[in-house]
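*Asks:* So I've got this file, query-v1.cif, and it contains mmCIF, C-alpha atoms:
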data_work
loop_
_atom_site.group_PDB
_atom_site.id
_atom_site.type_symbol
_atom_site.label_atom_id
_atom_site.label_comp_id
_atom_site.auth_asym_id
_atom_site.auth_seq_id
_atom_site.Cartn_x
_atom_site.Cartn_y
_atom_site.Cartn_z
ATOM 1 C CA MET A 7 -18.634 23.926 -19.104
ATOM 2 C CA GLU A 8 -17.359 20.809 -17.382
ATOM 3 C CA THR A 9 -13.903 19.969 -18.609
ATOM 4 C CA GLU A 10 -12.510 16.493 -18.313
ATOM 5 C CA ASN A 11 -8.908 15.826 -18.981
ATOM 6 C CA ILE A 12 -7.480 12.364 -19.548
ATOM 7 C CA LEU A 13 -4.107 12.162 -17.838
ATOM 8 C CA LEU A 14 -3.381 8.571 -18.615
ATOM 9 C CA LEU A 15 -4.966 5.865 -20.665
ATOM 10 C CA TYR A 16 -3.478 2.409 -20.968
ATOM 11 C CA LYS A 17 -4.811 -0.752 -22.504
ATOM 12 C CA GLY A 18 -2.833 -3.958 -22.729
ATOM 13 C CA GLN A 19 -0.893 -6.476 -20.736
ATOM 14 C CA VAL A 20 0.124 -5.531 -17.233
ATOM 15 C CA SER A 21 3.278 -6.329 -15.348
ATOM 16 C CA ASN A 22 5.233 -4.809 -12.504
ATOM 17 C CA GLU A 23 7.634 -3.194 -14.957
ATOM 18 C CA LEU A 24 4.686 -1.572 -16.680
ATOM 19 C CA LEU A 25 3.281 -0.418 -13.356
ATOM 20 C CA ARG A 26 6.586 1.262 -12.541
ATOM 21 C CA SER A 27 6.583 3.167 -15.793
ATOM 22 C CA LEU A 28 2.904 4.148 -15.465
ATOM 23 C CA LEU A 29 3.602 5.437 -11.952
ATOM 24 C CA LYS A 30 6.524 7.477 -13.245
ATOM 25 C CA THR A 31 4.471 8.997 -16.055
ATOM 26 C CA THR A 32 1.596 9.785 -13.716
ATOM 27 C CA GLU A 33 3.894 11.316 -11.113
ATOM 28 C CA GLN A 34 5.467 13.598 -13.719
ATOM 29 C CA LYS A 35 2.078 14.766 -14.969
ATOM 30 C CA LEU A 36 0.706 15.400 -11.487
ATOM 31 C CA GLU A 37 3.885 17.238 -10.558
ATOM 32 C CA GLN A 38 3.586 19.460 -13.628
ATOM 33 C CA MET A 39 0.050 20.236 -12.565
ATOM 34 C CA GLY A 40 1.351 21.163 -9.120
ATOM 35 C CA GLU A 41 -0.758 18.525 -7.434
ATOM 36 C CA LYS A 42 -0.254 17.932 -3.732
ATOM 37 C CA VAL A 43 1.837 14.962 -2.653
ATOM 38 C CA VAL A 44 -0.993 13.468 -0.622
ATOM 39 C CA ILE A 45 -3.306 13.449 -3.674
ATOM 40 C CA ARG A 46 -0.581 11.936 -5.834
ATOM 41 C CA LYS A 47 -0.201 9.156 -3.271
ATOM 42 C CA LYS A 48 -3.935 8.477 -3.191
ATOM 43 C CA ILE A 49 -3.888 8.071 -6.978
ATOM 44 C CA PHE A 50 -0.788 5.846 -6.771
ATOM 45 C CA ASN A 51 -2.558 3.784 -4.154
ATOM 46 C CA VAL A 52 -5.381 2.862 -6.530
ATOM 47 C CA MET A 53 -2.916 2.119 -9.352
ATOM 48 C CA VAL A 54 -0.574 0.004 -7.215
ATOM 49 C CA GLU A 55 -3.195 -1.974 -5.337
ATOM 50 C CA SER A 56 -5.454 -2.674 -8.292
ATOM 51 C CA ILE A 57 -2.684 -3.577 -10.742
ATOM 52 C CA GLN A 58 -0.787 -5.717 -8.225
ATOM 53 C CA ASN A 59 -4.047 -7.433 -7.317
ATOM 54 C CA LEU A 60 -4.564 -8.200 -10.948
ATOM 55 C CA ILE A 61 -1.038 -9.530 -11.487
ATOM 56 C CA LYS A 62 -1.403 -11.783 -8.444
ATOM 57 C CA HIS A 63 -4.748 -12.972 -9.701
ATOM 58 C CA VAL A 64 -3.372 -13.884 -13.111
ATOM 59 C CA GLU A 65 -0.496 -15.816 -11.484
ATOM 60 C CA GLU A 66 -2.730 -17.695 -9.067
ATOM 61 C CA HIS A 67 -5.328 -18.764 -11.562
ATOM 62 C CA GLU A 68 -3.002 -19.285 -14.499
ATOM 63 C CA LEU A 69 -5.473 -17.425 -16.618
ATOM 64 C CA ASN A 70 -4.928 -17.596 -20.342
ATOM 65 C CA ALA A 71 -2.566 -15.191 -22.028
ATOM 66 C CA ASN A 72 -5.130 -12.582 -22.983
ATOM 67 C CA SER A 73 -6.696 -12.399 -19.576
ATOM 68 C CA ASN A 74 -3.991 -10.213 -18.073
ATOM 69 C CA ASN A 75 -5.049 -7.486 -20.451
ATOM 70 C CA ALA A 76 -6.329 -4.570 -18.495
ATOM 71 C CA ILE A 77 -7.330 -0.973 -18.939
ATOM 72 C CA LEU A 78 -6.332 1.881 -16.716
ATOM 73 C CA ALA A 79 -7.525 5.450 -17.044
ATOM 74 C CA ILE A 80 -6.916 8.529 -14.947
ATOM 75 C CA CYS A 81 -9.153 11.503 -15.615
ATOM 76 C CA HIS A 82 -9.025 14.921 -14.061
ATOM 77 C CA SER A 83 -12.090 17.075 -13.569
ATOM 78 C CA PRO A 84 -12.289 20.274 -11.566
ATOM 79 C CA GLY A 85 -12.008 19.237 -7.931
ATOM 80 C CA TYR A 86 -11.370 15.549 -8.372
ATOM 81 C CA TYR A 87 -9.683 12.702 -10.211
ATOM 82 C CA LEU A 88 -11.209 9.460 -11.351
ATOM 83 C CA VAL A 89 -8.986 6.412 -11.468
ATOM 84 C CA ALA A 90 -10.616 3.571 -13.378
ATOM 85 C CA THR A 91 -9.375 0.063 -13.947
ATOM 86 C CA GLY A 92 -10.878 -2.813 -15.900
ATOM 87 C CA ASN A 93 -9.741 -6.401 -16.013
ATOM 88 C CA PHE A 94 -10.895 -9.982 -16.372
ATOM 89 C CA ILE A 95 -11.500 -12.158 -13.347
ATOM 90 C CA PRO A 96 -12.634 -15.788 -13.110
ATOM 91 C CA THR A 97 -16.434 -15.800 -12.949
ATOM 92 C CA GLN A 98 -16.242 -18.137 -9.955
ATOM 93 C CA ASP A 99 -14.629 -15.293 -7.964
ATOM 94 C CA ALA A 100 -17.124 -12.629 -9.035
ATOM 95 C CA GLN A 101 -19.701 -13.180 -6.314
ATOM 96 C CA ASP A 102 -17.094 -13.146 -3.580
ATOM 97 C CA LEU A 103 -15.575 -9.929 -4.912
ATOM 98 C CA SER A 104 -18.974 -8.313 -5.208
ATOM 99 C CA ASN A 105 -19.831 -9.264 -1.609
ATOM 100 C CA LYS A 106 -16.531 -7.854 -0.405
ATOM 101 C CA LEU A 107 -17.056 -4.538 -2.193
ATOM 102 C CA ASP A 108 -20.662 -4.226 -1.009
ATOM 103 C CA ARG A 109 -19.479 -4.817 2.525
ATOM 104 C CA ILE A 110 -16.768 -2.147 2.151
ATOM 105 C CA ASN A 111 -19.266 0.300 0.647
ATOM 106 C CA GLY A 112 -21.585 -0.237 3.591
ATOM 107 C CA MET A 113 -18.955 0.899 6.073
ATOM 108 C CA ASN A 114 -18.241 4.324 7.457
ATOM 109 C CA ARG A 115 -14.732 5.645 8.120
ATOM 110 C CA ASP A 116 -14.346 4.115 11.572
ATOM 111 C CA GLU A 117 -15.732 0.754 10.499
ATOM 112 C CA LEU A 118 -13.322 0.694 7.559
ATOM 113 C CA ARG A 119 -10.423 1.407 9.895
ATOM 114 C CA GLU A 120 -11.417 -1.448 12.194
ATOM 115 C CA TYR A 121 -11.965 -3.783 9.269
ATOM 116 C CA TYR A 122 -8.573 -2.883 7.787
ATOM 117 C CA GLN A 123 -6.841 -3.455 11.109
ATOM 118 C CA SER A 124 -8.495 -6.796 11.709
ATOM 119 C CA VAL A 125 -7.704 -8.090 8.215
ATOM 120 C CA LEU A 126 -4.099 -6.890 8.525
ATOM 121 C CA GLU A 127 -3.683 -8.437 11.950
ATOM 122 C CA ASN A 128 -5.260 -11.785 11.172
ATOM 123 C CA GLU A 129 -3.786 -12.395 7.778
ATOM 124 C CA SER A 130 -0.939 -14.839 7.965
ATOM 125 C CA LEU A 131 2.380 -13.798 6.488
ATOM 126 C CA SER A 132 2.564 -16.866 4.316
ATOM 127 C CA ALA A 133 -0.753 -16.225 2.597
ATOM 128 C CA LYS A 134 -0.096 -14.842 -0.839
ATOM 129 C CA GLY A 135 -3.580 -13.470 -1.234
ATOM 130 C CA GLY A 136 -4.303 -9.988 -0.006
ATOM 131 C CA ALA A 137 -7.735 -11.019 1.355
ATOM 132 C CA GLY A 138 -9.037 -7.757 0.013
ATOM 133 C CA LEU A 139 -6.711 -5.583 2.114
ATOM 134 C CA GLY A 140 -5.907 -3.588 -1.012
ATOM 135 C CA LEU A 141 -9.571 -2.849 -1.700
ATOM 136 C CA ILE A 142 -10.178 -1.791 1.889
ATOM 137 C CA ASP A 143 -7.131 0.467 1.699
ATOM 138 C CA ILE A 144 -8.323 2.009 -1.569
ATOM 139 C CA ALA A 145 -11.755 2.723 -0.093
ATOM 140 C CA ARG A 146 -10.241 4.228 3.042
ATOM 141 C CA LYS A 147 -7.819 6.509 1.263
ATOM 142 C CA SER A 148 -10.301 7.672 -1.342
ATOM 143 C CA GLY A 149 -12.913 8.441 1.301
ATOM 144 C CA GLU A 150 -15.585 7.756 -1.326
ATOM 145 C CA LYS A 151 -17.720 4.769 -2.202
ATOM 146 C CA VAL A 152 -16.089 2.293 -4.542
ATOM 147 C CA ASN A 153 -17.880 2.233 -7.838
ATOM 148 C CA TYR A 154 -17.666 -1.147 -9.568
ATOM 149 C CA SER A 155 -19.257 -3.389 -12.152
ATOM 150 C CA LEU A 156 -18.987 -7.079 -12.992
ATOM 151 C CA LYS A 157 -20.059 -8.392 -16.376
ATOM 152 C CA PRO A 158 -19.913 -12.062 -17.361
ATOM 153 C CA ILE A 159 -18.042 -12.489 -20.663
ATOM 154 C CA ASN A 160 -18.369 -16.268 -20.950
ATOM 155 C CA ASP A 161 -18.629 -19.284 -18.647
ATOM 156 C CA THR A 162 -15.255 -18.738 -17.103
ATOM 157 C CA LEU A 163 -14.427 -15.029 -17.340
ATOM 158 C CA SER A 164 -16.065 -11.856 -16.131
ATOM 159 C CA PHE A 165 -15.004 -8.277 -16.691
ATOM 160 C CA PHE A 166 -14.485 -6.219 -13.572
ATOM 161 C CA THR A 167 -14.334 -2.442 -13.528
ATOM 162 C CA LEU A 168 -13.433 -0.289 -10.590
ATOM 163 C CA THR A 169 -13.779 3.491 -10.531
ATOM 164 C CA ILE A 170 -12.329 5.431 -7.632
ATOM 165 C CA LYS A 171 -12.833 9.099 -6.986
ATOM 166 C CA VAL A 172 -10.007 11.067 -5.410
ATOM 167 C CA ASN A 173 -10.985 14.560 -4.326
ATOM 168 C CA SER A 174 -8.278 17.126 -4.905
ATOM 169 C CA HIS A 175 -9.547 19.875 -2.582
ATOM 170 C CA ARG A 176 -8.430 22.494 -5.017
ATOM 171 C CA ASP A 177 -9.111 23.969 -8.497
ATOM 172 C CA MET B 23 26.348 -9.628 13.764
ATOM 173 C CA GLU B 24 26.857 -8.262 10.261
ATOM 174 C CA LYS B 25 25.249 -4.978 9.425
ATOM 175 C CA PHE B 26 22.309 -5.352 7.052
ATOM 176 C CA TYR B 27 22.051 -2.815 4.283
ATOM 177 C CA LEU B 28 19.717 -2.645 1.310
ATOM 178 C CA THR B 29 19.909 0.206 -1.195
ATOM 179 C CA GLY B 30 16.596 1.893 -1.851
ATOM 180 C CA THR B 31 14.975 1.818 -5.294
ATOM 181 C CA ASP B 32 11.780 3.359 -6.669
ATOM 182 C CA ILE B 33 9.890 0.287 -5.412
ATOM 183 C CA SER B 34 11.756 -0.816 -2.308
ATOM 184 C CA PRO B 35 13.020 1.132 0.689
ATOM 185 C CA GLU B 36 16.521 1.779 1.909
ATOM 186 C CA ILE B 37 16.964 -0.516 4.896
ATOM 187 C CA SER B 38 19.808 -0.227 7.353
ATOM 188 C CA LEU B 39 20.042 -2.485 10.407
ATOM 189 C CA GLU B 40 22.943 -2.350 12.828
ATOM 190 C CA GLN B 41 23.797 -4.384 15.907
ATOM 191 C CA ASN B 42 24.201 -1.115 17.892
ATOM 192 C CA GLY B 43 20.408 -0.839 17.700
ATOM 193 C CA ASN B 44 20.066 1.735 14.920
ATOM 194 C CA LEU B 45 17.392 0.470 12.583
ATOM 195 C CA ILE B 46 16.206 2.563 9.634
ATOM 196 C CA LEU B 47 13.571 2.067 6.930
ATOM 197 C CA LYS B 48 13.313 4.865 4.445
ATOM 198 C CA GLY B 49 11.714 5.497 1.059
ATOM 199 C CA THR B 50 8.992 3.782 -0.904
ATOM 200 C CA SER B 51 7.853 0.203 -0.446
ATOM 201 C CA ILE B 52 5.701 -1.113 -3.276
ATOM 202 C CA PRO B 53 7.326 -4.372 -4.387
ATOM 203 C CA GLU B 54 4.886 -6.892 -5.812
ATOM 204 C CA ASN B 55 6.612 -9.652 -3.936
ATOM 205 C CA SER B 56 7.241 -8.017 -0.578
ATOM 206 C CA GLU B 57 8.353 -11.286 0.902
ATOM 207 C CA GLU B 58 11.503 -11.240 -1.213
ATOM 208 C CA VAL B 59 12.439 -7.843 0.200
ATOM 209 C CA TYR B 60 11.406 -8.431 3.797
ATOM 210 C CA ARG B 61 12.266 -12.079 4.479
ATOM 211 C CA PRO B 62 15.987 -11.319 5.080
ATOM 212 C CA VAL B 63 15.010 -8.252 7.130
ATOM 213 C CA LEU B 64 12.821 -10.351 9.431
ATOM 214 C CA ALA B 65 15.543 -12.983 9.712
ATOM 215 C CA TRP B 66 18.102 -10.342 10.739
ATOM 216 C CA LEU B 67 15.707 -8.792 13.265
ATOM 217 C CA ARG B 68 14.754 -12.127 14.849
ATOM 218 C CA ASN B 69 18.416 -12.870 15.301
ATOM 219 C CA TYR B 70 18.994 -9.361 16.731
ATOM 220 C CA ALA B 71 16.036 -9.754 19.092
ATOM 221 C CA SER B 72 17.692 -12.767 20.693
ATOM 222 C CA HIS B 73 20.580 -10.535 21.894
ATOM 223 C CA PRO B 74 19.571 -6.919 21.357
ATOM 224 C CA SER B 75 21.542 -3.801 22.119
ATOM 225 C CA PRO B 76 20.496 -2.074 25.404
ATOM 226 C CA ILE B 77 18.973 0.694 23.302
ATOM 227 C CA THR B 78 17.085 0.068 20.079
ATOM 228 C CA THR B 79 15.941 2.932 17.844
ATOM 229 C CA LEU B 80 13.758 2.195 14.847
ATOM 230 C CA GLU B 81 13.130 5.030 12.412
ATOM 231 C CA VAL B 82 10.443 4.513 9.809
ATOM 232 C CA GLN B 83 10.427 7.213 7.181
ATOM 233 C CA LEU B 84 8.351 5.832 4.356
ATOM 234 C CA ASP B 85 6.739 7.998 1.686
ATOM 235 C CA TYR B 86 4.377 5.303 0.644
ATOM 236 C CA PHE B 87 3.899 1.558 1.051
ATOM 237 C CA ASN B 88 1.523 -0.961 -0.498
ATOM 238 C CA THR B 89 -0.704 -3.329 1.470
ATOM 239 C CA SER B 90 1.594 -6.221 0.612
ATOM 240 C CA SER B 91 4.384 -4.415 2.529
ATOM 241 C CA SER B 92 2.117 -3.542 5.447
ATOM 242 C CA LYS B 93 1.997 -7.180 6.606
ATOM 243 C CA PHE B 94 5.769 -7.196 6.862
ATOM 244 C CA LEU B 95 5.937 -3.806 8.550
ATOM 245 C CA LEU B 96 3.531 -5.185 11.136
ATOM 246 C CA GLU B 97 5.837 -8.155 11.649
ATOM 247 C CA ILE B 98 8.896 -5.892 12.007
ATOM 248 C CA LEU B 99 7.103 -3.808 14.630
ATOM 249 C CA ARG B 100 5.966 -6.965 16.401
ATOM 250 C CA ILE B 101 9.595 -8.065 16.797
ATOM 251 C CA ILE B 102 10.581 -4.607 18.076
ATOM 252 C CA LYS B 103 7.744 -4.760 20.586
ATOM 253 C CA GLN B 104 9.033 -8.106 21.842
ATOM 254 C CA ILE B 105 12.415 -6.461 22.471
ATOM 255 C CA GLN B 106 10.627 -3.710 24.390
ATOM 256 C CA ASP B 107 8.699 -6.289 26.398
ATOM 257 C CA SER B 108 12.006 -7.864 27.449
ATOM 258 C CA ASN B 109 12.787 -4.658 29.374
ATOM 259 C CA LYS B 110 15.142 -3.103 26.858
ATOM 260 C CA THR B 111 14.947 0.565 25.928
ATOM 261 C CA VAL B 112 13.177 0.889 22.602
ATOM 262 C CA SER B 113 12.152 3.972 20.710
ATOM 263 C CA ILE B 114 10.211 3.931 17.479
ATOM 264 C CA LYS B 115 9.963 7.045 15.360
ATOM 265 C CA TRP B 116 7.290 7.170 12.676
ATOM 266 C CA TYR B 117 7.846 10.033 10.244
ATOM 267 C CA TYR B 118 5.171 11.441 7.957
ATOM 268 C CA TYR B 119 4.754 14.590 5.905
ATOM 269 C CA SER B 120 2.559 17.059 7.727
ATOM 270 C CA ASP B 121 0.246 17.225 4.712
ATOM 271 C CA ASP B 122 -0.108 13.446 4.489
ATOM 272 C CA PRO B 123 -2.707 12.326 7.040
ATOM 273 C CA ASP B 124 -2.877 8.886 5.366
ATOM 274 C CA MET B 125 0.680 8.064 6.437
ATOM 275 C CA MET B 126 -0.009 9.260 9.961
ATOM 276 C CA GLU B 127 -3.112 7.069 10.033
ATOM 277 C CA SER B 128 -1.050 4.093 8.836
ATOM 278 C CA GLY B 129 1.248 4.566 11.817
ATOM 279 C CA GLN B 130 -1.764 4.785 14.081
ATOM 280 C CA ASP B 131 -3.052 1.474 12.655
ATOM 281 C CA PHE B 132 0.137 -0.311 13.718
ATOM 282 C CA MET B 133 -0.007 1.250 17.168
ATOM 283 C CA ASP B 134 -3.625 0.133 17.573
ATOM 284 C CA ILE B 135 -3.000 -3.429 16.414
ATOM 285 C CA LEU B 136 0.134 -3.988 18.490
ATOM 286 C CA GLU B 137 -0.787 -1.738 21.431
ATOM 287 C CA LEU B 138 2.535 -0.106 20.806
ATOM 288 C CA ASN B 139 3.853 3.375 21.408
ATOM 289 C CA MET B 140 5.534 5.225 18.565
ATOM 290 C CA GLU B 141 6.710 8.782 18.389
ATOM 291 C CA MET B 142 4.820 10.413 15.511
ATOM 292 C CA ILE B 143 7.005 13.006 13.834
ATOM 293 C CA ALA B 144 5.576 15.401 11.266
ATOM 294 C CA ILE B 145 8.011 16.547 8.586
ATOM 295 C CA PRO B 146 7.133 19.976 7.144
ATOM 296 C CA GLU B 147 5.358 19.439 3.811
ATOM 297 C CA ASP B 148 7.648 19.371 0.818
ATOM 298 C CA ASN B 149 5.494 21.305 -1.598
#
Take the structure in the file and give it back as structure tokens.
*Replies:*
Amino acid sequence: METENILLLYKGQVSNELLRSLLKTTEQKLEQMGEKVVIRKKIFNVMVESIQNLIKHVEEHELNANSNNAILAICHSPGYYLVATGNFIPTQDAQDLSNKLDRINGMNRDELREYYQSVLENESLSAKGGAGLGLIDIARKSGEKVNYSLKPINDTLSFFTLTIKVNSHRD
Amino acid sequence: MEKFYLTGTDISPEISLEQNGNLILKGTSIPENSEEVYRPVLAWLRNYASHPSPITTLEVQLDYFNTSSSKFLLEILRIIKQIQDSNKTVSIKWYYYSDDPDMMESGQDFMDILELNMEMIAIPEDN
């Protein structure tokens, strides 16, 4: 029988302080499970990039107080982990985000590497936005397609979910 | 020039920069606002680059860094490359755990972008 184990489930406001404590909790659990460092880092990568993206987004758009609520779940199944995040984004940004993710999902390993390098090289230091570098990085490190959904909530907000698979090469 | 030293935390690396050319970055780099951490580092390095030591050694031993830090790491390496291009002896050591191909690949990314040579050093895996 397929067993699925929830390692972490969080719902609420996000901040960098919260991210630090979630990382600590996750690290302890993965260590107890004897998980390899490289897998731990891949899971961290999704947590750090997606949560920091979200925090930046909330700051930039001055979204209302409830809109920095997010959910984060890490599940373990034999052979892999799923890291899922859900958060609100302005509906006006949804199409752009969807295009970006479709583009990333259409790329193979080498294309992703080139894309990552060109975005990193051409992005000016002063730009606060990550221009999707985080998403490219997540896709590269996971080595799997990025599973996502975008659902309009009202005229201004949409709900964005991202599910990333991290293979653990063991179990 | 004053030595630059920043104590490492769980979100920012230990950074040690000395006028004798020993430059070290070590630890984890995941600050949300990387600019706060790296702005003084870049300022120190730009100043150093204007009158560098005959030999510069940069050691990068990062466990993990976020994409917000990667822009600044690129900028640090760009300054070091400029020192190299001015006919000074420069060596860059990029450390990674032997079981962490992602960190090796990150080093390779910087080498590709800057057309830079770095010594890739594998540390035996720690578990």
*Asks:* Evaluate the PyMOL selection byres ((chain A and resi 93) around 8) and record the selected residues as a list of chain:residue names, following the chain and residue labels used in the document.
*Replies:*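 Listing what the PyMOL selection byres ((chain A and resi 93) around 8) selects in the shown file: A:Leu60, A:Ser73, A:Asn74, A:Asn75, A:Ala76, A:Ile77, A:Thr91, A:Gly92, A:Phe94, A:Ile95, A:Phe165, A:Phe166, A:Thr167.
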*Asks:* May I ask for the distance between CA of Tyr118 (chain B) and CA of Pro146 (chain B), given in Å to one decimal place?
*Replies:*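 Between CA of Tyr118 (chain B) and CA of Pro146 (chain B) the gap works out to 8.8 Å.
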*Asks:* Dig up all the protein and nucleic acid residues within 8 Å of (-8.8, 11.1, -8.1) in the file frame, using all atoms listed in the file, and format them as a list in words.
*Replies:*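 In the file's frame, the residues around the point are Ile45, Lys48, Ile49, Ile80, Cys81, His82, Tyr86, Tyr87, Leu88, Val89, Ser148, Ile170, Lys171, Val172, Asn173 and Ser174 of chain A.
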*Asks:* May I have the centre and edge lengths, in Å to one decimal, of an axis-aligned box around the listed atoms of region 120-130 of chain B with 8 Å added to every side, as AutoDock Vina command-line options?
*Replies:*
--center_x -0.3 --center_y 10.7 --center_z 9.3 --size_x 21.7 --size_y 29.1 --size_z 25.6
*Asks:* Can you measure CA of Asn22 (chain A) to CA of Leu126 (chain A) for me? One decimal in Å is fine.
*Replies:*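 Computing the Euclidean distance for CA of Asn22 (chain A) and CA of Leu126 (chain A) yields 23.1 Å.
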*Asks:* Apply the PyMOL selection byres ((chain A) within 10 of (chain B)) to the file shown and report the selected residues as number ranges by chain.
*Replies:* A: 21-22, 26, 29-30, 37, 40-45, 47-48, 50-52, 54-55, 57-59, 61-62, 119-120, 122-132, 134-136, 138-144, 146-147
*Asks:* Give me the result of the PyMOL selection byres ((chain B and resi 64) around 12) on this file, residue by residue, as a VMD selection string.
*Replies:* (chain A and resid 131) or (chain B and resid 26 37 39 56 to 63 65 to 71 93 to 102)
*Asks:* Could you pull the residues within 9 Å of Ile105 (chain B), counting only C-alpha atoms, minus those fewer than 4 positions along the same chain, as a VMD selection string?
*Replies:* chain B and resid 71 to 72 74 78 100 to 101 109 to 112
*Asks:* Report the distance between CA of Met142 (chain B) and CA of Asn44 (chain B) in Å, rounded to one decimal place.
*Replies:* 17.6 Å
*Asks:* I want to know what sits within 12 Å of Arg109 (chain A), based on all atoms listed in the file, with residues of the same chain fewer than 3 positions away left out; could you give that as a PDB file with C-alpha atoms, in the coordinates of the input?
*Replies:*
ATOM      1  CA  ASP A 102     -17.094 -13.146  -3.580  1.00  0.00           C
ATOM      2  CA  LEU A 103     -15.575  -9.929  -4.912  1.00  0.00           C
ATOM      3  CA  SER A 104     -18.974  -8.313  -5.208  1.00  0.00           C
ATOM      4  CA  ASN A 105     -19.831  -9.264  -1.609  1.00  0.00           C
ATOM      5  CA  LYS A 106     -16.531  -7.854  -0.405  1.00  0.00           C
ATOM      6  CA  GLY A 112     -21.585  -0.237   3.591  1.00  0.00           C
ATOM      7  CA  MET A 113     -18.955   0.899   6.073  1.00  0.00           C
ATOM      8  CA  ASN A 114     -18.241   4.324   7.457  1.00  0.00           C
ATOM      9  CA  GLU A 117     -15.732   0.754  10.499  1.00  0.00           C
ATOM     10  CA  LEU A 118     -13.322   0.694   7.559  1.00  0.00           C
ATOM     11  CA  TYR A 121     -11.965  -3.783   9.269  1.00  0.00           C
ATOM     12  CA  GLY A 138      -9.037  -7.757   0.013  1.00  0.00           C
ATOM     13  CA  LEU A 141      -9.571  -2.849  -1.700  1.00  0.00           C
ATOM     14  CA  ILE A 142     -10.178  -1.791   1.889  1.00  0.00           C
ATOM     15  CA  ALA A 145     -11.755   2.723  -0.093  1.00  0.00           C
ATOM     16  CA  LYS A 151     -17.720   4.769  -2.202  1.00  0.00           C
ATOM     17  CA  VAL A 152     -16.089   2.293  -4.542  1.00  0.00           C
TER      18      VAL A 152
END
*Asks:* Choose the residue, out of B:Leu28, B:Ile114, B:Met133, B:Leu84, that has the smallest atom-to-atom separation from Gly43 (chain B); count all atoms listed in the file.
*Replies:* B:Ile114
*Asks:* Restricting the calculation to all atoms listed in the file: of A:Asp161, A:Glu10, A:Asp116, A:Asp108, which residue gets closest to Pro96 (chain A)?
*Replies:*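 Of the candidates, the smallest distance to Pro96 (chain A) is held by A:Asp161.
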*Asks:* So that I can see what lies close to Pro35 (chain B), please list as a list in words the residues with an atom at most 6 Å from it, counting all atoms listed in the file and leaving out residues fewer than 5 positions away in the same chain.
*Replies:* Gly30, Lys48, Gly49, Thr50 and Ser51 of chain B
*Asks:* B:Thr29, B:Ser75, B:Ser34, B:Gln83: which is nearest Glu141 (chain B), counting all atoms listed in the file?
*Replies:*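 Ranked by minimum distance to Glu141 (chain B), first place goes to B:Gln83.
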*Asks:* Of the candidates B:Ile145, B:Asn42, B:Thr31, B:Ile77, which one gets nearest to Trp116 (chain B) if we count all atoms listed in the file?
*Replies:*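 With all atoms listed in the file as the atom set, the closest residue is B:Ile145.
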*Asks:* With distances taken over all atoms listed in the file, which residue among B:Ser113, B:Ser91, B:Gln41, B:Thr79 lies nearest Leu138 (chain B)?
*Replies:*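 Among B:Ser113, B:Ser91, B:Gln41, B:Thr79, it is B:Ser113 that comes nearest to Leu138 (chain B).
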*Asks:* Compare B:His73, B:Lys115, B:Glu24, B:Ala144 by their minimum atom-to-atom distance to Leu47 (chain B), counting only C-alpha atoms, and give me the closest one.
*Replies:*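 The answer is B:Lys115, which sits nearest to Leu47 (chain B).
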